[in-house]
>>> print(open('run_8.cif').read())   # mmCIF, C-alpha atoms
data_start
loop_
_atom_site.label_atom_id
_atom_site.label_comp_id
_atom_site.auth_asym_id
_atom_site.auth_seq_id
_atom_site.Cartn_x
_atom_site.Cartn_y
_atom_site.Cartn_z
CA MET S 1 202.60 -139.13 98.79
CA LEU S 2 201.03 -136.32 100.77
CA ALA S 3 198.32 -137.24 103.20
CA ASN S 4 194.64 -136.61 102.47
CA HIS S 5 194.60 -133.37 104.45
CA SER S 6 196.69 -131.71 101.73
CA SER S 7 194.53 -132.97 98.87
CA PHE S 8 193.24 -129.43 98.32
CA LEU S 9 196.48 -128.74 96.45
CA VAL S 10 194.84 -130.01 93.29
CA GLY S 11 196.65 -130.26 89.98
CA GLU S 12 198.78 -132.41 87.73
CA GLY S 13 200.80 -129.70 86.00
CA PRO S 14 204.56 -129.32 86.56
CA ALA S 15 204.17 -126.19 88.72
CA ILE S 16 201.87 -127.75 91.33
CA GLN S 17 203.84 -131.00 91.31
CA GLN S 18 207.03 -129.08 92.09
CA ILE S 19 205.26 -127.31 94.96
CA LEU S 20 204.07 -130.66 96.36
CA LYS S 21 207.63 -132.01 96.25
CA THR S 22 208.88 -128.91 98.06
CA VAL S 23 206.18 -129.30 100.71
CA GLN S 24 207.29 -132.89 101.34
CA LYS S 25 210.93 -131.89 101.72
CA VAL S 26 210.59 -128.82 103.93
CA ALA S 27 207.81 -130.17 106.15
CA GLN S 28 210.26 -132.37 108.05
CA THR S 29 212.47 -129.40 108.94
CA ASP S 30 211.97 -126.27 111.01
CA SER S 31 213.34 -123.97 108.32
CA THR S 32 211.51 -120.70 107.73
CA VAL S 33 209.45 -120.69 104.52
CA LEU S 34 208.43 -117.67 102.42
CA ILE S 35 205.46 -118.32 100.12
CA THR S 36 204.90 -115.78 97.34
CA GLY S 37 202.10 -115.46 94.81
CA GLU S 38 199.16 -113.32 93.76
CA SER S 39 196.11 -113.00 95.96
CA GLY S 40 193.89 -116.07 95.76
CA THR S 41 196.55 -118.52 94.56
CA GLY S 42 196.35 -120.69 97.68
CA LYS S 43 199.30 -119.54 99.81
CA GLU S 44 197.58 -120.45 103.07
CA LEU S 45 196.75 -123.93 101.72
CA VAL S 46 200.46 -124.52 101.06
CA ALA S 47 201.34 -123.25 104.55
CA ARG S 48 198.76 -125.55 106.12
CA ALA S 49 200.01 -128.51 104.09
CA ILE S 50 203.55 -127.89 105.36
CA HIS S 51 202.30 -127.72 108.95
CA LEU S 52 200.14 -130.84 108.70
CA GLU S 53 202.97 -132.83 107.13
CA SER S 54 205.43 -131.76 109.85
CA GLN S 55 206.21 -133.15 113.28
CA ARG S 56 204.29 -130.18 114.69
CA ALA S 57 201.00 -131.34 113.14
CA ASP S 58 199.46 -132.13 116.55
CA ARG S 59 200.27 -128.61 117.79
CA PRO S 60 198.46 -125.40 116.77
CA MET S 61 198.93 -123.51 113.53
CA VAL S 62 198.22 -119.86 114.34
CA THR S 63 197.48 -117.46 111.48
CA VAL S 64 198.00 -113.69 111.53
CA ASN S 65 196.88 -111.54 108.59
CA CYS S 66 199.41 -108.75 108.97
CA GLY S 67 197.66 -106.59 106.39
CA ALA S 68 194.30 -106.70 108.18
CA ILE S 69 195.51 -105.45 111.57
CA PRO S 70 196.39 -101.75 112.06
CA GLY S 71 200.10 -101.20 112.65
CA ASP S 72 199.61 -99.78 116.15
CA LEU S 73 197.74 -102.94 117.20
CA LEU S 74 199.85 -105.53 115.37
CA GLU S 75 202.67 -105.51 117.92
CA ALA S 76 200.29 -106.37 120.76
CA GLU S 77 198.64 -109.00 118.56
CA LEU S 78 201.96 -110.71 117.88
CA PHE S 79 203.69 -110.39 121.24
CA GLY S 80 200.91 -109.80 123.76
CA HIS S 81 200.70 -107.12 126.42
CA LYS S 82 200.44 -106.52 130.15
CA LYS S 83 197.42 -104.98 131.80
CA GLY S 84 197.62 -101.18 131.79
CA SER S 85 200.45 -101.03 129.23
CA PHE S 86 198.33 -98.79 126.98
CA THR S 87 194.82 -97.38 126.77
CA GLY S 88 192.37 -100.24 126.45
CA ALA S 89 194.73 -102.88 127.89
CA THR S 90 192.36 -103.90 130.68
CA GLN S 91 193.97 -107.30 131.24
CA ASP S 92 197.02 -109.35 130.35
CA ARG S 93 196.83 -110.85 126.89
CA MET S 94 198.91 -113.60 125.31
CA GLY S 95 200.26 -112.87 121.84
CA ARG S 96 200.18 -115.07 118.75
CA PHE S 97 203.79 -116.17 119.20
CA GLU S 98 202.99 -117.71 122.57
CA LEU S 99 199.75 -119.22 121.28
CA ALA S 100 201.76 -120.94 118.56
CA HIS S 101 204.35 -122.37 120.99
CA GLU S 102 205.66 -125.73 119.68
CA GLY S 103 203.51 -125.25 116.59
CA THR S 104 203.54 -123.06 113.48
CA LEU S 105 202.99 -119.32 113.14
CA PHE S 106 201.74 -118.30 109.69
CA LEU S 107 202.38 -114.62 108.95
CA ASP S 108 200.13 -113.85 105.99
CA GLU S 109 200.81 -110.64 104.04
CA VAL S 110 204.10 -110.23 105.91
CA GLY S 111 205.09 -107.45 103.51
CA GLU S 112 202.57 -105.16 105.22
CA ILE S 113 204.37 -105.18 108.60
CA PRO S 114 205.53 -101.63 109.49
CA LEU S 115 209.29 -101.02 109.42
CA HIS S 116 209.54 -100.28 113.16
CA LEU S 117 207.96 -103.64 113.96
CA GLN S 118 210.15 -105.55 111.50
CA VAL S 119 213.12 -105.06 113.86
CA LYS S 120 211.34 -106.84 116.69
CA LEU S 121 210.15 -109.62 114.39
CA LEU S 122 213.73 -110.15 113.17
CA ARG S 123 214.93 -110.51 116.78
CA VAL S 124 212.28 -113.12 117.59
CA ILE S 125 213.20 -115.17 114.51
CA GLN S 126 216.88 -115.03 115.44
CA THR S 127 216.67 -115.59 119.21
CA LYS S 128 213.18 -117.09 119.76
CA GLN S 129 212.80 -114.48 122.51
CA PHE S 130 210.66 -111.36 123.01
CA GLU S 131 209.02 -109.19 125.67
CA PRO S 132 205.27 -108.48 125.73
CA ILE S 133 204.31 -104.80 125.61
CA GLY S 134 204.61 -103.28 129.08
CA SER S 135 206.71 -106.15 130.45
CA SER S 136 210.44 -106.51 131.11
CA GLU S 137 210.12 -110.29 131.32
CA THR S 138 211.70 -112.15 128.40
CA ARG S 139 209.61 -114.98 126.96
CA THR S 140 211.10 -117.86 124.98
CA VAL S 141 209.07 -119.70 122.33
CA ASP S 142 209.59 -122.66 120.03
CA VAL S 143 207.79 -121.64 116.84
CA ARG S 144 208.18 -122.56 113.19
CA ILE S 145 207.67 -119.49 110.98
CA ILE S 146 205.92 -119.61 107.61
CA ALA S 147 205.36 -116.25 105.91
CA ALA S 148 203.45 -115.31 102.78
CA THR S 149 203.09 -112.21 100.64
CA ASN S 150 201.67 -111.05 97.31
CA ARG S 151 204.28 -108.28 97.17
CA ASN S 152 207.68 -108.43 95.51
CA LEU S 153 209.79 -108.14 98.66
CA GLU S 154 213.03 -107.71 96.72
CA GLU S 155 211.57 -104.56 95.15
CA ALA S 156 210.33 -103.47 98.59
CA VAL S 157 213.87 -103.92 99.96
CA ALA S 158 215.30 -101.81 97.12
CA LYS S 159 212.77 -99.06 97.96
CA ARG S 160 213.67 -99.34 101.68
CA GLU S 161 210.10 -100.38 102.46
CA PHE S 162 211.20 -103.74 103.86
CA ARG S 163 214.32 -104.64 105.85
CA GLU S 164 216.91 -106.57 103.87
CA ASP S 165 218.06 -108.60 106.88
CA LEU S 166 214.47 -109.66 107.67
CA PHE S 167 213.89 -110.61 104.03
CA TYR S 168 216.84 -113.01 104.07
CA ARG S 169 215.71 -114.46 107.40
CA LEU S 170 212.27 -115.20 105.96
CA ASN S 171 213.43 -116.33 102.51
CA VAL S 172 215.31 -119.45 103.65
CA ILE S 173 212.99 -121.76 101.68
CA PRO S 174 211.18 -119.81 98.92
CA VAL S 175 207.98 -121.24 97.44
CA MET S 176 206.45 -119.36 94.50
CA ILE S 177 202.87 -120.20 93.52
CA PRO S 178 202.09 -119.25 89.90
CA PRO S 179 198.78 -117.55 89.04
CA LEU S 180 195.99 -119.75 87.70
CA ARG S 181 196.31 -118.23 84.21
CA GLU S 182 199.80 -119.78 84.01
CA ARG S 183 198.65 -123.29 84.92
CA LYS S 184 195.36 -123.61 83.07
CA SER S 185 195.92 -127.32 82.55
CA ASP S 186 194.88 -127.74 86.20
CA ILE S 187 191.52 -125.99 85.72
CA PRO S 188 189.52 -129.12 84.71
CA LEU S 189 190.69 -130.96 87.86
CA LEU S 190 190.04 -127.92 90.05
CA VAL S 191 186.54 -127.44 88.61
CA LYS S 192 185.68 -131.11 89.12
CA HIS S 193 187.04 -130.95 92.68
CA PHE S 194 185.02 -127.85 93.56
CA VAL S 195 181.79 -129.14 91.96
CA GLU S 196 182.04 -132.40 93.93
CA LYS S 197 182.91 -130.50 97.11
CA ILE S 198 179.89 -128.15 96.86
CA ASP S 199 177.64 -131.07 95.88
CA ARG S 200 178.66 -132.88 99.09
CA ILE S 201 178.09 -129.81 101.24
CA THR S 202 174.73 -128.84 99.74
CA GLY S 203 173.36 -132.24 98.81
CA HIS S 204 172.98 -131.10 95.19
CA SER S 205 173.72 -133.26 92.16
CA VAL S 206 175.33 -130.92 89.64
CA GLN S 207 177.64 -132.50 87.07
CA ALA S 208 181.14 -131.16 86.36
CA PRO S 209 181.06 -129.15 83.11
CA GLU S 210 182.44 -130.35 79.80
CA GLY S 211 182.58 -129.14 76.20
CA ALA S 212 181.98 -125.44 75.54
CA VAL S 213 181.46 -124.64 79.23
CA LEU S 214 184.88 -126.01 80.12
CA GLU S 215 186.35 -124.19 77.11
CA ALA S 216 184.85 -120.95 78.46
CA LEU S 217 186.41 -121.53 81.88
CA LEU S 218 189.77 -122.20 80.21
CA ALA S 219 189.52 -119.05 78.07
CA TYR S 220 189.06 -116.77 81.09
CA ASP S 221 192.18 -115.33 82.77
CA TRP S 222 191.02 -115.61 86.42
CA PRO S 223 192.47 -112.42 87.95
CA GLY S 224 191.22 -113.63 91.34
CA ASN S 225 192.94 -117.00 90.79
CA ILE S 226 191.74 -120.15 92.55
CA ARG S 227 189.64 -118.21 95.05
CA GLU S 228 187.66 -116.64 92.20
CA LEU S 229 187.22 -120.02 90.49
CA GLU S 230 185.99 -121.71 93.67
CA ASN S 231 183.55 -118.88 94.44
CA LEU S 232 182.15 -119.01 90.90
CA ILE S 233 181.66 -122.79 91.01
CA GLU S 234 179.99 -122.52 94.42
CA ARG S 235 177.52 -119.96 93.11
CA VAL S 236 176.76 -121.90 89.93
CA VAL S 237 176.24 -125.21 91.76
CA ILE S 238 173.99 -123.67 94.41
CA LEU S 239 171.82 -121.86 91.85
CA LYS S 240 171.74 -124.84 89.46
CA GLY S 241 170.82 -127.49 92.02
CA HIS S 242 171.08 -130.47 89.67
CA GLY S 243 171.95 -131.44 86.11
CA GLY S 244 174.62 -130.07 83.82
CA ILE S 245 176.12 -126.59 83.79
CA GLY S 246 175.43 -124.64 80.59
CA LEU S 247 176.98 -121.51 79.12
CA GLU S 248 173.89 -119.62 80.26
CA ASP S 249 174.88 -120.38 83.88
CA LEU S 250 178.21 -118.58 83.59
CA PRO S 251 178.61 -114.89 84.52
CA GLN S 252 178.91 -112.41 81.67
CA ARG S 253 182.62 -111.71 82.25
CA VAL S 254 183.43 -115.37 81.63
CA PHE S 255 180.99 -115.89 78.76
CA ARG S 256 182.18 -112.68 77.05
CA LYS S 257 185.82 -113.84 77.08
CA TYR S 258 184.79 -117.19 75.58
CA ALA S 259 182.71 -115.48 72.87
CA GLU S 260 185.74 -113.41 71.88
CA THR S 261 187.71 -116.59 71.18
CA GLN S 262 185.14 -117.92 68.70
CA PRO S 263 185.78 -117.44 64.94
CA ALA S 264 184.11 -114.35 63.50
CA GLY S 265 180.83 -115.17 61.80
CA ALA S 266 180.75 -118.71 63.20
CA GLY S 267 177.28 -120.03 62.61
CA ALA S 268 177.56 -123.51 64.08
CA ILE S 269 176.56 -123.94 67.72
CA SER S 270 177.78 -126.86 69.78
CA GLU S 271 175.26 -129.04 71.57
CA TRP S 272 176.91 -127.85 74.79
CA ASP S 273 175.63 -124.32 74.13
CA PHE S 274 172.07 -125.49 74.84
CA PRO S 275 170.64 -126.47 78.20
CA ARG S 276 170.46 -130.23 78.62
CA MET S 277 166.77 -130.68 77.95
CA VAL S 278 165.01 -134.03 77.83
CA LEU S 279 161.79 -134.23 75.82
CA PRO S 280 159.00 -134.90 78.35
CA ASN S 281 156.82 -138.00 77.82
CA GLN S 282 153.77 -135.77 77.43
CA GLY S 283 155.57 -133.68 74.79
CA LEU S 284 156.04 -129.89 74.76
CA ASP S 285 155.11 -126.74 72.85
CA LEU S 286 158.09 -126.47 70.51
CA LYS S 287 157.09 -123.00 69.30
CA ASN S 288 157.15 -121.62 72.86
CA VAL S 289 160.43 -123.36 73.67
CA VAL S 290 162.12 -121.96 70.55
CA ALA S 291 160.71 -118.48 71.26
CA SER S 292 161.95 -118.66 74.83
CA PHE S 293 165.44 -119.62 73.69
CA GLU S 294 165.42 -116.84 71.08
CA ASN S 295 164.41 -114.29 73.73
CA HIS S 296 167.17 -115.58 75.99
CA LEU S 297 169.82 -114.94 73.32
CA ILE S 298 168.38 -111.53 72.44
CA ASP S 299 168.46 -110.51 76.12
CA GLN S 300 172.10 -111.64 76.36
CA ALA S 301 173.02 -109.62 73.25
CA LEU S 302 171.32 -106.49 74.63
CA SER S 303 172.95 -106.97 78.02
CA ARG S 304 176.39 -107.41 76.50
CA THR S 305 175.98 -104.26 74.36
CA SER S 306 174.38 -102.16 77.13
CA GLY S 307 171.11 -101.97 75.20
CA ASN S 308 172.63 -100.83 71.90
CA LYS S 309 170.34 -102.37 69.29
CA ASN S 310 172.73 -101.78 66.39
CA LYS S 311 175.51 -103.73 68.10
CA ALA S 312 173.08 -106.36 69.42
CA SER S 313 171.70 -107.02 65.94
CA GLU S 314 175.27 -107.43 64.65
CA LEU S 315 175.98 -110.02 67.37
CA LEU S 316 172.80 -111.88 66.43
CA GLN S 317 173.50 -111.49 62.70
CA MET S 318 170.05 -110.09 61.98
CA ASN S 319 168.70 -106.79 60.62
CA ARG S 320 168.14 -104.11 63.19
CA THR S 321 164.54 -103.70 62.03
CA THR S 322 163.94 -107.41 62.66
CA LEU S 323 165.34 -107.09 66.19
CA VAL S 324 163.24 -103.99 66.89
CA GLU S 325 160.10 -105.77 65.67
CA LYS S 326 160.76 -108.73 67.97
CA LEU S 327 161.28 -106.37 70.92
CA ARG S 328 158.08 -104.50 70.06
CA LYS S 329 156.10 -107.75 70.06
CA ARG S 330 157.45 -108.44 73.56
CA GLY S 331 156.38 -104.99 74.71
CA MET S 332 159.96 -103.85 75.22
CA ILE S 333 159.55 -100.90 72.81
CA VAL S 334 156.52 -98.62 72.84
CA PRO S 335 155.65 -97.08 69.42
CA ALA S 336 155.94 -93.32 69.42
CA LYS S 337 152.93 -91.16 68.43
CA LYS S 338 153.41 -88.98 65.40
CA LYS S 339 152.11 -85.92 67.21
CA GLU S 340 154.44 -86.53 70.16
CA ALA S 341 157.60 -87.69 68.46
CA GLY S 342 157.38 -86.23 65.00
CA VAL S 343 157.98 -89.60 63.32
CA GLU S 344 155.76 -92.00 61.43
CA ASP S 345 153.36 -94.13 63.48
CA GLY S 346 154.80 -97.52 64.29
CA SER S 347 158.43 -96.41 64.34
CA ASP S 348 160.43 -97.11 67.48
CA PHE S 349 161.55 -93.89 69.09
CA ASP S 350 164.55 -95.32 71.01
CA THR S 351 168.07 -94.02 71.06
CA ASP S 352 171.15 -96.21 71.00
CA ILE S 353 174.20 -94.91 72.81
#
>>> encode(input="run_8.cif", output="structure tokens")
Amino acid sequence: MLANHSSFLVGEGPAIQQILKTVQKVAQTDSTVLITGESGTGKELVARAIHLESQRADRPMVTVNCGAIPGDLLEAELFGHKKGSFTGATQDRMGRFELAHEGTLFLDEVGEIPLHLQVKLLRVIQTKQFEPIGSSETRTVDVRIIAATNRNLEEAVAKREFREDLFYRLNVIPVMIPPLRERKSDIPLLVKHFVEKIDRITGHSVQAPEGAVLEALLAYDWPGNIRELENLIERVVILKGHGGIGLEDLPQRVFRKYAETQPAGAGAISEWDFPRMVLPNQGLDLKNVVASFENHLIDQALSRTSGNKNKASELLQMNRTTLVEKLRKRGMIVPAKKKEAGVEDGSDFDTDI
């Protein structure tokens, strides 16, 4: 069993279970690991789990985002420099390799390292030795390398955009993290985990979604993977504050995908499509509540169709004239004057695109 500090690798599907087994096996070695997967799949979480399960856990894990540092500065960032070695080098600076001595160096987005710098990186991996910029003194480090990329490095090698010898040095233990759309069975556990996490942080009391809301989350493809899911849950929980999450709390991109999966002309609405409302002891004005809910659905239909009343009325399965009349009563359509618009009084002079 992995320790609690790796519990963020949430899931019960075969893909995540295989990754957890790999983490357990490679953590006790110093072999170089190459983690691949789309952006947002959790590559850094896997790297951190490997580090924290290793014998180097009490030493630093130093992270370098190779894609976020300009190529002309990345060499100094990795290997350090001597004072005066280039413009702006006002003092000696230790590089990330030295900072990670006896620990782990995580090279995120390693596929973005410029070709000229890949040669020096290859030498460090092979010999554990390097020279800071502007120095002839050779430094020796004891560092475990974990690299990650969202690029296909084999294709990059074929295009001569990445050195073949460096690829094989990094790809000793490959770990591939599948995108969230390929392991949707883990979504309910991930959602529950994130809701409880944000509840703890904020002090809120939002319940993990079920029913149609969970179906909507499962229907969406999550191009941003786990990072997108966590960010969405954080936003929903913070804005909700307490109670259950309803379909109305989901962003349009998620709700729209769910709506597309529903049978055409379906008239039945699940209880989960409504907010969880408890009848107050003092009662309520049912007419106003129903009108409010009707307006909410009309607004969603107009938003989803960019204001096109023909398409919105089709979504709501009502006549366009009925929809226009309801909008006029809400003051959302101003009747055109015959003398100004050239149409009969009382007609709506709006144009659908």
>>> closest_residue(input="run_8.cif", among="S:Lys192, S:Thr32, S:Ser39, S:Leu214", to="Ile177 of chain S", atoms="only C-alpha atoms")
S:Ser39
>>> residues_around(input="run_8.cif", residues="Lys240 of chain S", least_positions_apart="4", cutoff="10 Å", atoms="all atoms listed in the file", output="number ranges by chain")
S: 204-207, 234-236, 244-246, 249
>>> write_last_selection(input="run_8.cif", atoms="C-alpha atoms", output="tab-separated table (two decimals), keeping the file's coordinate frame")
chain	number	residue	atom	x	y	z
S	204	HIS	CA	172.98	-131.10	95.19
S	205	SER	CA	173.72	-133.26	92.16
S	206	VAL	CA	175.33	-130.92	89.64
S	207	GLN	CA	177.64	-132.50	87.07
S	234	GLU	CA	179.99	-122.52	94.42
S	235	ARG	CA	177.52	-119.96	93.11
S	236	VAL	CA	176.76	-121.90	89.93
S	244	GLY	CA	174.62	-130.07	83.82
S	245	ILE	CA	176.12	-126.59	83.79
S	246	GLY	CA	175.43	-124.64	80.59
S	249	ASP	CA	174.88	-120.38	83.88
>>> atom_distance(input="run_8.cif", atom1="atom CA of Ile298 of chain S", atom2="atom CA of Trp222 of chain S")
26.9 Å
>>> resolve_selection(input="run_8.cif", expression="the PyMOL selection byres ((chain S and resi 24-27) around 8)", output="MDAnalysis selection string")
chainID S and resid 2 20:23 28:31 50:51 53:55 173
>>> write_last_selection(input="run_8.cif", atoms="C-alpha atoms", output="short mmCIF file (atom, residue, chain, number, x, y, z; two decimals), keeping the file's coordinate frame")
data_model
loop_
_atom_site.label_atom_id
_atom_site.label_comp_id
_atom_site.auth_asym_id
_atom_site.auth_seq_id
_atom_site.Cartn_x
_atom_site.Cartn_y
_atom_site.Cartn_z
CA LEU S 2 201.03 -136.32 100.77
CA LEU S 20 204.07 -130.66 96.36
CA LYS S 21 207.63 -132.01 96.25
CA THR S 22 208.88 -128.91 98.06
CA VAL S 23 206.18 -129.30 100.71
CA GLN S 28 210.26 -132.37 108.05
CA THR S 29 212.47 -129.40 108.94
CA ASP S 30 211.97 -126.27 111.01
CA SER S 31 213.34 -123.97 108.32
CA ILE S 50 203.55 -127.89 105.36
CA HIS S 51 202.30 -127.72 108.95
CA GLU S 53 202.97 -132.83 107.13
CA SER S 54 205.43 -131.76 109.85
CA GLN S 55 206.21 -133.15 113.28
CA ILE S 173 212.99 -121.76 101.68
#
>>> atom_distance(input="run_8.cif", atom1="atom CA of Ser185 of chain S", atom2="atom CA of Gly224 of chain S")
16.9 Å
>>> residues_around(input="run_8.cif", residues="segment 215-218 of chain S", least_positions_apart="2", cutoff="7 Å", atoms="all atoms listed in the file", output="count of residues only")
9
>>> closest_residue(input="run_8.cif", among="S:Lys128, S:Leu302, S:Asn319, S:Phe194", to="Met332 of chain S", atoms="all atoms listed in the file")
S:Leu302
>>> resolve_selection(input="run_8.cif", expression="the PyMOL selection byres ((chain S and resi 101) around 9)", output="ChimeraX atom specification")
/S:59-60,96-100,102-105,141-144
>>> residues_around(input="run_8.cif", residues="Asn295 of chain S", least_positions_apart="2", cutoff="12 Å", atoms="all atoms listed in the file", output="MDAnalysis selection string")
chainID S and resid 288:293 297:302 316 323 326:327 329:330 332
>>> atom_distance(input="run_8.cif", atom1="atom CA of His242 of chain S", atom2="atom CA of Arg304 of chain S")
27.1 Å
>>> resolve_selection(input="run_8.cif", expression="the PyMOL selection byres ((chain S and resi 308) around 12)", output="CSV table (one decimal) with C-alpha atoms, in the coordinates of the input")
chain,number,residue,atom,x,y,z
S,298,ILE,CA,168.4,-111.5,72.4
S,299,ASP,CA,168.5,-110.5,76.1
S,300,GLN,CA,172.1,-111.6,76.4
S,301,ALA,CA,173.0,-109.6,73.2
S,302,LEU,CA,171.3,-106.5,74.6
S,303,SER,CA,173.0,-107.0,78.0
S,304,ARG,CA,176.4,-107.4,76.5
S,305,THR,CA,176.0,-104.3,74.4
S,306,SER,CA,174.4,-102.2,77.1
S,307,GLY,CA,171.1,-102.0,75.2
S,309,LYS,CA,170.3,-102.4,69.3
S,310,ASN,CA,172.7,-101.8,66.4
S,311,LYS,CA,175.5,-103.7,68.1
S,312,ALA,CA,173.1,-106.4,69.4
S,313,SER,CA,171.7,-107.0,65.9
S,314,GLU,CA,175.3,-107.4,64.6
S,315,LEU,CA,176.0,-110.0,67.4
S,320,ARG,CA,168.1,-104.1,63.2
S,323,LEU,CA,165.3,-107.1,66.2
S,324,VAL,CA,163.2,-104.0,66.9
S,350,ASP,CA,164.6,-95.3,71.0
S,351,THR,CA,168.1,-94.0,71.1
S,352,ASP,CA,171.2,-96.2,71.0
S,353,ILE,CA,174.2,-94.9,72.8
>>> closest_residue(input="run_8.cif", among="S:Arg160, S:Lys120, S:Arg253, S:Arg181", to="Glu38 of chain S", atoms="all atoms listed in the file")
S:Arg181
>>> residues_near_point(input="run_8.cif", point="(199.0, -120.7, 101.2)", cutoff="12 Å", atoms="all atoms listed in the file", output="number ranges by chain")
S: 6, 8-9, 19, 23, 33-51, 63, 65, 106-109, 146-150, 175-178, 226-227
>>> residues_around(input="run_8.cif", residues="Ser135 of chain S", least_positions_apart="3", cutoff="7 Å", atoms="all atoms listed in the file", output="ChimeraX atom specification")
/S:82,131-132
>>> closest_residue(input="run_8.cif", among="S:Asp186, S:Glu154, S:Asp199, S:Glu248", to="Val10 of chain S", atoms="all atoms listed in the file")
S:Asp186
>>> closest_residue(input="run_8.cif", among="S:Glu230, S:Asp92, S:Glu161, S:Glu260", to="Phe79 of chain S", atoms="all atoms listed in the file")
S:Asp92
>>> closest_residue(input="run_8.cif", among="S:Val119, S:Ile201, S:Ala57, S:Val195", to="Ile233 of chain S", atoms="only C-alpha atoms")
S:Val195
>>> residues_around(input="run_8.cif", residues="Arg93 of chain S", least_positions_apart="3", cutoff="8 Å", atoms="all atoms listed in the file", output="ChimeraX atom specification")
/S:80-83
>>> write_last_selection(input="run_8.cif", atoms="C-alpha atoms", output="PDB file, keeping the file's coordinate frame")
ATOM      1  CA  GLY S  80     200.910-109.800 123.760  1.00  0.00           C
ATOM      2  CA  HIS S  81     200.700-107.120 126.420  1.00  0.00           C
ATOM      3  CA  LYS S  82     200.440-106.520 130.150  1.00  0.00           C
ATOM      4  CA  LYS S  83     197.420-104.980 131.800  1.00  0.00           C
TER       5      LYS S  83
END
>>> build_atoms(input="run_8.cif", residues="segment 91-108 of chain S", atoms="N, CA and C atoms", output="PDB file, keeping the file's coordinate frame")
ATOM      1  N   GLN S  91     193.497-106.057 130.644  1.00  0.00           N
ATOM      2  CA  GLN S  91     193.970-107.300 131.240  1.00  0.00           C
ATOM      3  C   GLN S  91     195.171-107.816 130.442  1.00  0.00           C
ATOM      4  N   ASP S  92     195.912-108.735 131.072  1.00  0.00           N
ATOM      5  CA  ASP S  92     197.020-109.350 130.350  1.00  0.00           C
ATOM      6  C   ASP S  92     196.484-110.129 129.152  1.00  0.00           C
ATOM      7  N   ARG S  93     197.260-110.100 128.070  1.00  0.00           N
ATOM      8  CA  ARG S  93     196.830-110.850 126.890  1.00  0.00           C
ATOM      9  C   ARG S  93     198.035-111.548 126.261  1.00  0.00           C
ATOM     10  N   MET S  94     197.858-112.817 125.950  1.00  0.00           N
ATOM     11  CA  MET S  94     198.910-113.600 125.310  1.00  0.00           C
ATOM     12  C   MET S  94     198.924-113.318 123.816  1.00  0.00           C
ATOM     13  N   GLY S  95     200.124-113.145 123.255  1.00  0.00           N
ATOM     14  CA  GLY S  95     200.260-112.870 121.840  1.00  0.00           C
ATOM     15  C   GLY S  95     200.256-114.138 120.989  1.00  0.00           C
ATOM     16  N   ARG S  96     200.246-113.939 119.662  1.00  0.00           N
ATOM     17  CA  ARG S  96     200.180-115.070 118.750  1.00  0.00           C
ATOM     18  C   ARG S  96     201.425-115.948 118.806  1.00  0.00           C
ATOM     19  N   PHE S  97     202.573-115.354 119.101  1.00  0.00           N
ATOM     20  CA  PHE S  97     203.790-116.170 119.200  1.00  0.00           C
ATOM     21  C   PHE S  97     203.657-117.194 120.320  1.00  0.00           C
ATOM     22  N   GLU S  98     203.159-116.766 121.464  1.00  0.00           N
ATOM     23  CA  GLU S  98     202.990-117.710 122.570  1.00  0.00           C
ATOM     24  C   GLU S  98     201.892-118.723 122.280  1.00  0.00           C
ATOM     25  N   LEU S  99     200.828-118.291 121.624  1.00  0.00           N
ATOM     26  CA  LEU S  99     199.750-119.220 121.280  1.00  0.00           C
ATOM     27  C   LEU S  99     200.225-120.307 120.327  1.00  0.00           C
ATOM     28  N   ALA S 100     201.243-119.981 119.532  1.00  0.00           N
ATOM     29  CA  ALA S 100     201.760-120.940 118.560  1.00  0.00           C
ATOM     30  C   ALA S 100     202.943-121.753 119.101  1.00  0.00           C
ATOM     31  N   HIS S 101     203.204-121.671 120.383  1.00  0.00           N
ATOM     32  CA  HIS S 101     204.350-122.370 120.990  1.00  0.00           C
ATOM     33  C   HIS S 101     204.336-123.867 120.634  1.00  0.00           C
ATOM     34  N   GLU S 102     205.452-124.347 120.125  1.00  0.00           N
ATOM     35  CA  GLU S 102     205.660-125.730 119.680  1.00  0.00           C
ATOM     36  C   GLU S 102     204.881-126.054 118.401  1.00  0.00           C
ATOM     37  N   GLY S 103     204.239-125.042 117.833  1.00  0.00           N
ATOM     38  CA  GLY S 103     203.510-125.250 116.590  1.00  0.00           C
ATOM     39  C   GLY S 103     204.064-124.369 115.483  1.00  0.00           C
ATOM     40  N   THR S 104     203.156-123.858 114.642  1.00  0.00           N
ATOM     41  CA  THR S 104     203.540-123.060 113.480  1.00  0.00           C
ATOM     42  C   THR S 104     202.833-121.707 113.532  1.00  0.00           C
ATOM     43  N   LEU S 105     203.578-120.649 113.255  1.00  0.00           N
ATOM     44  CA  LEU S 105     202.990-119.320 113.140  1.00  0.00           C
ATOM     45  C   LEU S 105     203.025-118.911 111.676  1.00  0.00           C
ATOM     46  N   PHE S 106     201.843-118.683 111.096  1.00  0.00           N
ATOM     47  CA  PHE S 106     201.740-118.300 109.690  1.00  0.00           C
ATOM     48  C   PHE S 106     201.494-116.808 109.614  1.00  0.00           C
ATOM     49  N   LEU S 107     202.472-116.066 109.100  1.00  0.00           N
ATOM     50  CA  LEU S 107     202.380-114.620 108.950  1.00  0.00           C
ATOM     51  C   LEU S 107     201.952-114.308 107.519  1.00  0.00           C
ATOM     52  N   ASP S 108     200.663-114.144 107.323  1.00  0.00           N
ATOM     53  CA  ASP S 108     200.130-113.850 105.990  1.00  0.00           C
ATOM     54  C   ASP S 108     200.291-112.362 105.712  1.00  0.00           C
TER      55      ASP S 108
END
